[in-house]
Amino acid sequence: MMQIDKGDMLIAEPFMLDPNFKRAAVLIVDHEDDLGTVGFVLNKKSPYKIEELLDDIGDFEGDVYYGGPVANNILHFLHNVGDMVEDSLGICRGVYWGGDFTAFKFLMAQGLIKPENVRFFLGYSGWSPHQLSEEIKEGSWIIEEMDSNYLFKTDPDNLWKVILQSKGEVYSALSQIDGDYINN
């Protein structure tokens, strides 16, 4: 079985029935098998814009994504400006989680952080100890190495398919399966 680690991507298998994760690409930001796992769904937009949820950000405009079904009233953010934001946690090359949010908002308002540098999420995806390992054993997830381009350059609506196609023939064929006929 493949080992999961911080910075890995989970790609939902094509027939995933859980509506929270159907066609989802999830970035793992924290994982310890004995403690549990935290991640963010990268490709499900919420109906909100960041300027509707935050004050003091100037004319910064950006989408807010549905990070997962847990605590979806809490805002999280992933960004690529870790050297500018104190207390950000490095997740993988070119991707950071959180940091000093007051300073982050100031940098946004000053135009030093632009929408293409950040992705906002309401809620997160969480797994209890050993739960994710069991789901991987059952074949619910395909593990892929994270590339910051998936977060900052790839169209979120096509992300699931793009990642599968990048893995080669078998996975590329899986990306063509239409799971929409499955009732949730």
# chains A, B, ... in the order shown; residues from 1 in each chain; ligands from 1
$ residues_around --residues "Glu138 in chain A" --least-positions-apart "4" --cutoff "12 Å" --atoms "only C-alpha atoms" --output "list of chain:residue names"
A:Met1, A:Ala12, A:Glu13, A:Met16, A:Gln131, A:Leu132, A:Ser133, A:Glu134, A:Ile142
$ write_last_selection --atoms "N, CA, C and O atoms" --output "compact mmCIF listing (two decimals), in the first residue's frame"
# COMPACT_ATOMS: atom_id res chain seq x y z
N MET A 1 0.84 -1.19 0.00
CA MET A 1 0.00 0.00 0.00
C MET A 1 0.88 1.25 0.00
O MET A 1 1.89 1.30 0.67
N ALA A 12 -10.21 11.32 -6.09
CA ALA A 12 -11.34 10.41 -5.89
C ALA A 12 -11.44 9.44 -7.05
O ALA A 12 -11.31 9.84 -8.22
N GLU A 13 -11.65 8.16 -6.73
CA GLU A 13 -11.86 7.19 -7.79
C GLU A 13 -13.14 7.57 -8.54
O GLU A 13 -14.00 8.23 -7.98
N MET A 16 -16.79 7.27 -6.91
CA MET A 16 -17.00 7.74 -5.54
C MET A 16 -18.43 8.27 -5.41
O MET A 16 -18.85 9.13 -6.17
N GLN A 131 -8.38 6.16 9.40
CA GLN A 131 -9.52 6.14 8.47
C GLN A 131 -9.06 6.29 7.02
O GLN A 131 -9.50 5.54 6.14
N LEU A 132 -8.18 7.24 6.75
CA LEU A 132 -7.74 7.46 5.38
C LEU A 132 -6.97 6.25 4.85
O LEU A 132 -7.16 5.84 3.70
N SER A 133 -6.14 5.65 5.68
CA SER A 133 -5.40 4.46 5.25
C SER A 133 -6.36 3.35 4.83
O SER A 133 -6.13 2.66 3.83
N GLU A 134 -7.44 3.20 5.57
CA GLU A 134 -8.45 2.19 5.22
C GLU A 134 -9.13 2.53 3.89
O GLU A 134 -9.35 1.66 3.05
N ILE A 142 -6.88 7.64 -5.26
CA ILE A 142 -5.66 7.48 -6.03
C ILE A 142 -4.71 8.55 -5.52
O ILE A 142 -5.08 9.71 -5.40
$ select_by_dssp --residues "range 12-180 of chain A" --states "strand (DSSP E or B)" --output "ChimeraX atom specification"
/A:12,25-32,36-41,45-49,63-66,70-79,89-92,95-97,118-127,141-145
$ closest_residue --among "A:Ser140, A:Ser125, A:Asn149, A:Asn158" --to "Val38 in chain A" --atoms "only C-alpha atoms"
A:Ser125
$ atom_distance --atom1 "CA of Asp100 in chain A" --atom2 "CA of Ile50 in chain A"
17.2 Å
$ residues_around --residues "Ile91 in chain A" --least-positions-apart "2" --cutoff "6 Å" --atoms "only C-alpha atoms" --output "CSV table (one decimal) with all heavy atoms, in the first residue's frame"
chain,number,residue,atom,x,y,z
A,7,GLY,N,1.3,17.0,1.7
A,7,GLY,CA,1.8,17.4,0.4
A,7,GLY,C,1.3,16.5,-0.7
A,7,GLY,O,1.5,16.8,-1.9
A,29,VAL,N,-2.8,18.5,3.9
A,29,VAL,CA,-1.9,19.5,4.5
A,29,VAL,C,-1.4,19.0,5.9
A,29,VAL,O,-0.4,19.6,6.4
A,29,VAL,CB,-2.6,20.8,4.7
A,29,VAL,CG1,-3.0,21.4,3.3
A,29,VAL,CG2,-3.9,20.7,5.5
A,95,VAL,N,3.8,25.7,-2.1
A,95,VAL,CA,2.4,25.8,-1.4
A,95,VAL,C,2.6,25.9,0.1
A,95,VAL,O,3.3,25.1,0.7
A,95,VAL,CB,1.6,24.5,-1.8
A,95,VAL,CG1,0.2,24.6,-1.1
A,95,VAL,CG2,1.4,24.3,-3.3
A,96,TYR,N,1.9,26.9,0.6
A,96,TYR,CA,1.9,27.2,2.1
A,96,TYR,C,0.5,27.3,2.6
A,96,TYR,O,-0.5,27.6,1.8
A,96,TYR,CB,2.6,28.5,2.3
A,96,TYR,CG,4.0,28.5,1.9
A,96,TYR,CD1,4.4,28.8,0.6
A,96,TYR,CD2,5.0,28.2,2.8
A,96,TYR,CE1,5.7,28.8,0.1
A,96,TYR,CE2,6.4,28.1,2.3
A,96,TYR,CZ,6.7,28.5,1.0
A,96,TYR,OH,8.0,28.4,0.6
$ atom_distance --atom1 "CA of Ala24 in chain A" --atom2 "CA of Gly90 in chain A"
22.3 Å
$ closest_residue --among "A:Gly168, A:Gly94, A:Gly82, A:Gly39" --to "Val70 in chain A" --atoms "only C-alpha atoms"
A:Gly39
$ closest_residue --among "A:Asp63, A:Asp157, A:Glu32, A:Glu86" --to "Leu107 in chain A" --atoms "only C-alpha atoms"
A:Glu86
$ atom_distance --atom1 "CA of Gly111 in chain A" --atom2 "CA of Gly68 in chain A"
28.7 Å
$ residues_around --residues "range 52-58 of chain A" --least-positions-apart "6" --cutoff "9 Å" --atoms "only C-alpha atoms" --output "ChimeraX atom specification"
/A:105-111
$ closest_residue --among "A:Tyr124, A:Trp97, A:Phe152, A:Phe77" --to "Asn20 in chain A" --atoms "only C-alpha atoms"
A:Tyr124
$ select_by_dssp --residues "chain A" --states "helix (DSSP H, G or I)" --output "NGL selection string"
:A and (50-53 or 82-84 or 101-109 or 115-117 or 131-137 or 148-152 or 156-166 or 169-175 or 179-181)
$ residues_around --residues "Asp155 in chain A" --least-positions-apart "3" --cutoff "12 Å" --atoms "only C-alpha atoms" --output "ChimeraX atom specification"
/A:42-45,116,149-152,158-163
